[in-house]
>>> print(open('my_file.pdb').read())   # PDB, C-alpha atoms
ATOM      1  CA  MET A 123      -2.967 -33.331  23.218
ATOM      2  CA  ASN A 124      -1.152 -30.207  22.204
ATOM      3  CA  LYS A 125       1.256 -28.134  24.287
ATOM      4  CA  SER A 126      -1.413 -25.891  25.795
ATOM      5  CA  ASN A 127      -3.296 -28.724  27.587
ATOM      6  CA  ARG A 128      -6.035 -28.778  24.948
ATOM      7  CA  VAL A 129      -7.402 -31.803  23.140
ATOM      8  CA  GLU A 130      -9.561 -32.095  20.048
ATOM      9  CA  ILE A 131     -12.117 -34.447  21.554
ATOM     10  CA  SER A 132     -13.614 -35.682  18.277
ATOM     11  CA  LYS A 133     -10.296 -37.383  17.457
ATOM     12  CA  LEU A 134     -10.257 -39.497  20.648
ATOM     13  CA  ASN A 135     -11.766 -42.839  21.533
ATOM     14  CA  ALA A 136     -13.058 -43.507  25.053
ATOM     15  CA  LYS A 137      -9.856 -45.092  26.346
ATOM     16  CA  GLU A 138      -7.753 -42.167  25.109
ATOM     17  CA  LEU A 139     -10.130 -39.655  26.696
ATOM     18  CA  ILE A 140      -9.981 -41.438  30.063
ATOM     19  CA  SER A 141      -6.169 -41.493  29.924
ATOM     20  CA  PHE A 142      -6.158 -37.695  29.358
ATOM     21  CA  LEU A 143      -8.536 -37.264  32.311
ATOM     22  CA  LYS A 144      -6.247 -39.014  34.800
ATOM     23  CA  THR A 145      -4.485 -36.606  37.133
ATOM     24  CA  ASN A 146      -1.035 -36.429  38.573
ATOM     25  CA  PRO A 147      -1.490 -37.218  42.312
ATOM     26  CA  GLU A 148       1.126 -34.621  43.244
ATOM     27  CA  ASP A 149      -0.572 -31.822  41.280
ATOM     28  CA  ASP A 150      -2.885 -29.739  43.463
ATOM     29  CA  GLY A 151      -3.514 -27.008  40.887
ATOM     30  CA  PHE A 152      -6.322 -26.699  38.387
ATOM     31  CA  ASN A 153      -7.023 -30.213  37.165
ATOM     32  CA  ILE A 154      -8.876 -29.458  33.960
ATOM     33  CA  LEU A 155      -8.812 -30.816  30.439
ATOM     34  CA  ILE A 156      -9.704 -28.182  27.857
ATOM     35  CA  THR A 157     -11.564 -29.655  24.910
ATOM     36  CA  ILE A 158     -11.921 -28.303  21.425
ATOM     37  CA  GLY A 159     -15.191 -29.183  19.708
ATOM     38  CA  GLN A 160     -17.496 -32.078  20.515
ATOM     39  CA  THR A 161     -17.899 -35.707  19.559
ATOM     40  CA  LYS A 162     -20.710 -37.040  17.407
ATOM     41  CA  ALA A 163     -23.640 -38.403  19.400
ATOM     42  CA  ASP A 164     -22.810 -41.962  18.299
ATOM     43  CA  TRP A 165     -19.035 -41.805  18.863
ATOM     44  CA  LEU A 166     -18.868 -44.800  21.235
ATOM     45  CA  ASN A 167     -18.557 -48.334  19.879
ATOM     46  CA  GLN A 168     -19.129 -51.639  21.704
ATOM     47  CA  THR A 169     -15.511 -51.846  22.894
ATOM     48  CA  ASP A 170     -15.697 -48.273  24.242
ATOM     49  CA  LEU A 171     -18.936 -49.041  26.090
ATOM     50  CA  GLU A 172     -17.492 -52.148  27.717
ATOM     51  CA  TYR A 173     -14.364 -50.238  28.753
ATOM     52  CA  LEU A 174     -16.378 -47.336  30.204
ATOM     53  CA  ILE A 175     -18.752 -49.621  32.108
ATOM     54  CA  SER A 176     -15.720 -51.305  33.692
ATOM     55  CA  LYS A 177     -14.606 -47.866  34.998
ATOM     56  CA  ILE A 178     -17.900 -46.684  36.560
ATOM     57  CA  ASN A 179     -16.769 -47.526  40.105
ATOM     58  CA  SER A 180     -13.313 -45.974  39.705
ATOM     59  CA  LYS A 181     -12.359 -43.652  42.573
ATOM     60  CA  GLU A 182      -9.208 -42.515  40.787
ATOM     61  CA  LYS A 183      -8.875 -38.713  40.749
ATOM     62  CA  SER A 184      -9.857 -37.050  37.506
ATOM     63  CA  LYS A 185      -9.636 -33.732  35.734
ATOM     64  CA  CYS A 186     -12.775 -31.791  34.962
ATOM     65  CA  ILE A 187     -13.629 -31.272  31.307
ATOM     66  CA  VAL A 188     -13.915 -27.658  30.206
ATOM     67  CA  ARG A 189     -14.857 -26.686  26.677
ATOM     68  CA  GLN A 190     -12.624 -24.084  25.083
ATOM     69  CA  ILE A 191     -15.585 -21.695  24.782
ATOM     70  CA  SER A 192     -16.231 -21.733  28.551
ATOM     71  CA  SER A 193     -15.063 -18.967  30.876
ATOM     72  CA  PHE A 194     -15.697 -20.998  34.055
ATOM     73  CA  ILE A 195     -13.090 -23.146  35.817
ATOM     74  CA  PRO A 196     -14.756 -25.755  38.075
ATOM     75  CA  ASP A 197     -13.356 -27.173  41.303
ATOM     76  CA  SER A 198     -12.005 -30.642  40.565
ATOM     77  CA  LYS A 199     -11.060 -31.810  44.053
ATOM     78  CA  HIS A 200     -13.908 -34.365  44.275
ATOM     79  CA  MET A 201     -13.893 -35.467  40.645
ATOM     80  CA  THR A 202     -13.265 -39.138  39.871
ATOM     81  CA  ILE A 203     -12.864 -41.182  36.710
ATOM     82  CA  GLY A 204     -16.103 -42.988  37.671
ATOM     83  CA  ASN A 205     -18.039 -39.702  37.692
ATOM     84  CA  GLN A 206     -16.616 -38.699  34.318
ATOM     85  CA  VAL A 207     -17.513 -42.110  32.885
ATOM     86  CA  ILE A 208     -21.124 -41.690  34.019
ATOM     87  CA  SER A 209     -21.236 -38.251  32.352
ATOM     88  CA  ILE A 210     -19.906 -39.746  29.109
ATOM     89  CA  LEU A 211     -22.392 -42.629  29.197
ATOM     90  CA  GLU A 212     -25.271 -40.292  30.099
ATOM     91  CA  SER A 213     -24.633 -38.173  27.016
ATOM     92  CA  TYR A 214     -24.451 -41.363  24.931
ATOM     93  CA  ARG A 215     -27.719 -42.622  26.437
ATOM     94  CA  LYS A 216     -29.412 -39.306  25.617
ATOM     95  CA  LYS A 217     -27.911 -39.363  22.091
ATOM     96  CA  GLU A 218     -26.083 -36.088  22.695
ATOM     97  CA  SER A 219     -22.669 -34.905  21.585
ATOM     98  CA  PHE A 220     -19.967 -34.892  24.263
ATOM     99  CA  PRO A 221     -19.200 -32.740  26.140
ATOM    100  CA  ASN A 222     -22.852 -31.813  26.339
ATOM    101  CA  SER A 223     -22.324 -28.660  28.418
ATOM    102  CA  LEU A 224     -19.642 -26.003  28.854
ATOM    103  CA  TYR A 225     -17.951 -28.028  31.585
ATOM    104  CA  ILE A 226     -18.268 -31.562  32.968
ATOM    105  CA  CYS A 227     -17.384 -31.789  36.649
ATOM    106  CA  LYS A 228     -20.255 -33.460  38.463
ATOM    107  CA  ALA A 229     -20.147 -35.945  41.354
ATOM    108  CA  TYR A 230     -23.165 -38.237  41.308
ATOM    109  CA  LYS A 231     -25.352 -39.309  44.215
ATOM    110  CA  GLU A 232     -25.857 -43.028  44.852
ATOM    111  CA  GLU A 233     -29.494 -42.795  43.726
ATOM    112  CA  LYS A 234     -28.408 -41.518  40.305
ATOM    113  CA  ILE A 235     -25.788 -44.243  39.988
ATOM    114  CA  ASN A 236     -28.360 -46.937  40.822
ATOM    115  CA  LYS A 237     -30.752 -45.488  38.235
ATOM    116  CA  PHE A 238     -27.959 -45.488  35.720
ATOM    117  CA  PHE A 239     -27.096 -49.125  36.468
ATOM    118  CA  SER A 240     -30.750 -50.014  35.914
ATOM    119  CA  TRP A 241     -30.477 -48.506  32.440
ATOM    120  CA  VAL A 242     -27.266 -50.481  31.789
ATOM    121  CA  LEU A 243     -28.967 -53.694  32.907
ATOM    122  CA  PHE A 244     -32.064 -53.053  30.771
ATOM    123  CA  THR A 245     -29.904 -52.232  27.743
ATOM    124  CA  PHE A 246     -27.813 -55.354  28.263
ATOM    125  CA  ILE A 247     -30.896 -57.599  28.461
ATOM    126  CA  PHE A 248     -32.456 -55.923  25.409
ATOM    127  CA  LEU A 249     -29.292 -56.361  23.344
ATOM    128  CA  THR A 250     -28.986 -59.986  24.459
ATOM    129  CA  VAL A 251     -32.535 -60.766  23.333
ATOM    130  CA  TYR A 252     -31.949 -58.850  20.074
ATOM    131  CA  GLU A 253     -28.734 -60.797  19.381
ATOM    132  CA  PHE A 254     -30.593 -64.011  20.162
ATOM    133  CA  ALA A 255     -33.290 -63.145  17.625
ATOM    134  CA  LEU A 256     -30.611 -62.482  14.992
ATOM    135  CA  TRP A 257     -28.931 -65.754  15.890
ATOM    136  CA  LEU A 258     -32.193 -67.665  15.457
ATOM    137  CA  ASP A 259     -32.922 -66.139  12.073
ATOM    138  CA  GLY A 260     -32.371 -68.895   9.505
ATOM    139  CA  ARG A 261     -30.576 -71.242  11.929
ATOM    140  CA  ASN A 262     -31.420 -74.752  12.957
ATOM    141  CA  PHE A 263     -31.524 -74.842  16.731
ATOM    142  CA  ASP A 264     -32.606 -77.128  19.515
ATOM    143  CA  PHE A 265     -33.892 -76.660  23.022
ATOM    144  CA  LEU A 266     -30.436 -76.843  24.664
ATOM    145  CA  ASP A 267     -29.109 -74.008  22.451
ATOM    146  CA  ILE A 268     -31.931 -71.757  23.606
ATOM    147  CA  LEU A 269     -31.643 -72.839  27.251
ATOM    148  CA  PHE A 270     -27.880 -72.180  27.457
ATOM    149  CA  TYR A 271     -28.195 -68.823  25.724
ATOM    150  CA  PHE A 272     -30.858 -67.561  28.119
ATOM    151  CA  LEU A 273     -29.060 -68.966  31.160
ATOM    152  CA  GLY A 274     -25.983 -66.989  30.055
ATOM    153  CA  ALA A 275     -28.060 -63.829  29.721
ATOM    154  CA  ILE A 276     -29.616 -64.317  33.165
ATOM    155  CA  PHE A 277     -26.225 -65.073  34.766
ATOM    156  CA  SER A 278     -24.669 -61.955  33.179
ATOM    157  CA  SER A 279     -27.601 -59.831  34.353
ATOM    158  CA  LEU A 280     -27.157 -61.102  37.905
ATOM    159  CA  ILE A 281     -23.473 -60.174  37.835
ATOM    160  CA  ILE A 282     -24.349 -56.627  36.756
ATOM    161  CA  THR A 283     -27.024 -56.247  39.457
ATOM    162  CA  LYS A 284     -24.497 -57.374  42.084
ATOM    163  CA  LEU A 285     -22.351 -54.342  41.163
ATOM    164  CA  ILE A 286     -25.023 -51.886  42.317
ATOM    165  CA  PRO A 287     -24.707 -52.412  46.128
ATOM    166  CA  ASN A 288     -20.897 -52.066  45.944
ATOM    167  CA  ILE A 289     -21.007 -48.396  44.972
ATOM    168  CA  GLU A 290     -19.881 -46.083  47.748
ATOM    169  CA  ILE A 291     -19.878 -42.306  47.575
ATOM    170  CA  SER A 292     -18.945 -40.130  50.501
ATOM    171  CA  GLN A 293     -21.059 -37.113  51.420
ATOM    172  CA  GLN A 294     -18.152 -34.862  50.428
ATOM    173  CA  GLN A 295     -18.313 -36.071  46.820
ATOM    174  CA  VAL A 296     -21.998 -35.284  46.388
ATOM    175  CA  LEU A 297     -22.930 -31.912  44.929
TER     176      LEU A 297
END
>>> encode(input="my_file.pdb", output="structure tokens")
Amino acid sequence: MNKSNRVEISKLNAKELISFLKTNPEDDGFNILITIGQTKADWLNQTDLEYLISKINSKEKSKCIVRQISSFIPDSKHMTIGNQVISILESYRKKESFPNSLYICKAYKEEKINKFFSWVLFTFIFLTVYEFALWLDGRNFDFLDILFYFLGAIFSSLIITKLIPNIEISQQQVL
């Protein structure tokens, strides 16, 4: 980040972006992060995705993202790291550059979060089956190998689905 509170977003990974989004609890001014440019649509790697998914439920206060070309300053008082993570993952899911609008400062309703978790679960199961197919290709395997692999996939899927009911959003946070 340079001295004027601006960051060239294409040079950041997900963890660095989240660290720039964290606010100072004592600061009650404009909590915004001004970004220069956009990322590529495929800027997230597997490690980034895992990190972001682990932050979806974060209630930690966050800055809003405002592109340098925007003239609007959004109200950030209800913004959380979890909401910003969902915005990042939504743009990734849609294969869009990020930020995908002039500003990112949206609090999500529980229905949207549940729909998003369904996508995460579907993607996880798809990737597990895909990895299994790659693993089988040209390998000698037996029934127990297959059984343990699928039991692991089912167990992991159950853990993810158990996260959905634990999401709480107050009425004040919903746009």
>>> axis_aligned_box(input="my_file.pdb", around="segment 193-200 of chain A", padding_each_side="4 Å", output="AutoDock Vina command-line options")
--center_x -13.4 --center_y -26.7 --center_z 37.6 --size_x 12.6 --size_y 23.4 --size_z 21.4
>>> atom_distance(input="my_file.pdb", atom1="atom CA of Val188 of chain A", atom2="atom CA of Arg128 of chain A")
9.5 Å
>>> atom_distance(input="my_file.pdb", atom1="atom CA of Pro196 of chain A", atom2="atom CA of Val242 of chain A")
28.4 Å
>>> atom_distance(input="my_file.pdb", atom1="atom CA of Leu243 of chain A", atom2="atom CA of Lys181 of chain A")
21.7 Å
>>> resolve_selection(input="my_file.pdb", expression="the PyMOL selection byres ((chain A and resi 206) around 8)", output="number ranges by chain")
A: 184, 186, 201-205, 207-210, 226-228
>>> resolve_selection(input="my_file.pdb", expression="the PyMOL selection byres ((chain A and resi 220) around 6)", output="PDB file with C-alpha atoms, in the coordinates of the input")
ATOM      1  CA  GLN A 160     -17.496 -32.078  20.515  1.00  0.00           C
ATOM      2  CA  THR A 161     -17.899 -35.707  19.559  1.00  0.00           C
ATOM      3  CA  SER A 219     -22.669 -34.905  21.585  1.00  0.00           C
ATOM      4  CA  PRO A 221     -19.200 -32.740  26.140  1.00  0.00           C
ATOM      5  CA  ASN A 222     -22.852 -31.813  26.339  1.00  0.00           C
TER       6      ASN A 222
END
>>> residues_near_point(input="my_file.pdb", point="(-7.3, -41.7, 30.3)", cutoff="12 Å", atoms="all atoms listed in the file", output="list in words")
Met123, Leu134, Asn135, Ala136, Lys137, Glu138, Leu139, Ile140, Ser141, Phe142, Leu143, Lys144, Thr145, Asn146, Leu155, Tyr173, Leu174, Lys177, Ser180, Glu182, Lys183, Ser184, Lys185, Thr202, Ile203, Gly204, Gln206 and Val207 of chain A
>>> residues_near_point(input="my_file.pdb", point="(-10.1, -26.1, 23.0)", cutoff="8 Å", atoms="all atoms listed in the file", output="PyMOL selection string")
chain A and resi 128-130+156-159+189-191
>>> write_last_selection(input="my_file.pdb", atoms="C-alpha atoms", output="PDB file, in the coordinates of the input")
ATOM      1  CA  ARG A 128      -6.035 -28.778  24.948  1.00  0.00           C
ATOM      2  CA  VAL A 129      -7.402 -31.803  23.140  1.00  0.00           C
ATOM      3  CA  GLU A 130      -9.561 -32.095  20.048  1.00  0.00           C
ATOM      4  CA  ILE A 156      -9.704 -28.182  27.857  1.00  0.00           C
ATOM      5  CA  THR A 157     -11.564 -29.655  24.910  1.00  0.00           C
ATOM      6  CA  ILE A 158     -11.921 -28.303  21.425  1.00  0.00           C
ATOM      7  CA  GLY A 159     -15.191 -29.183  19.708  1.00  0.00           C
ATOM      8  CA  ARG A 189     -14.857 -26.686  26.677  1.00  0.00           C
ATOM      9  CA  GLN A 190     -12.624 -24.084  25.083  1.00  0.00           C
ATOM     10  CA  ILE A 191     -15.585 -21.695  24.782  1.00  0.00           C
TER      11      ILE A 191
END
>>> resolve_selection(input="my_file.pdb", expression="the PyMOL selection byres ((chain A and resi 238) around 12)", output="count of residues only")
32
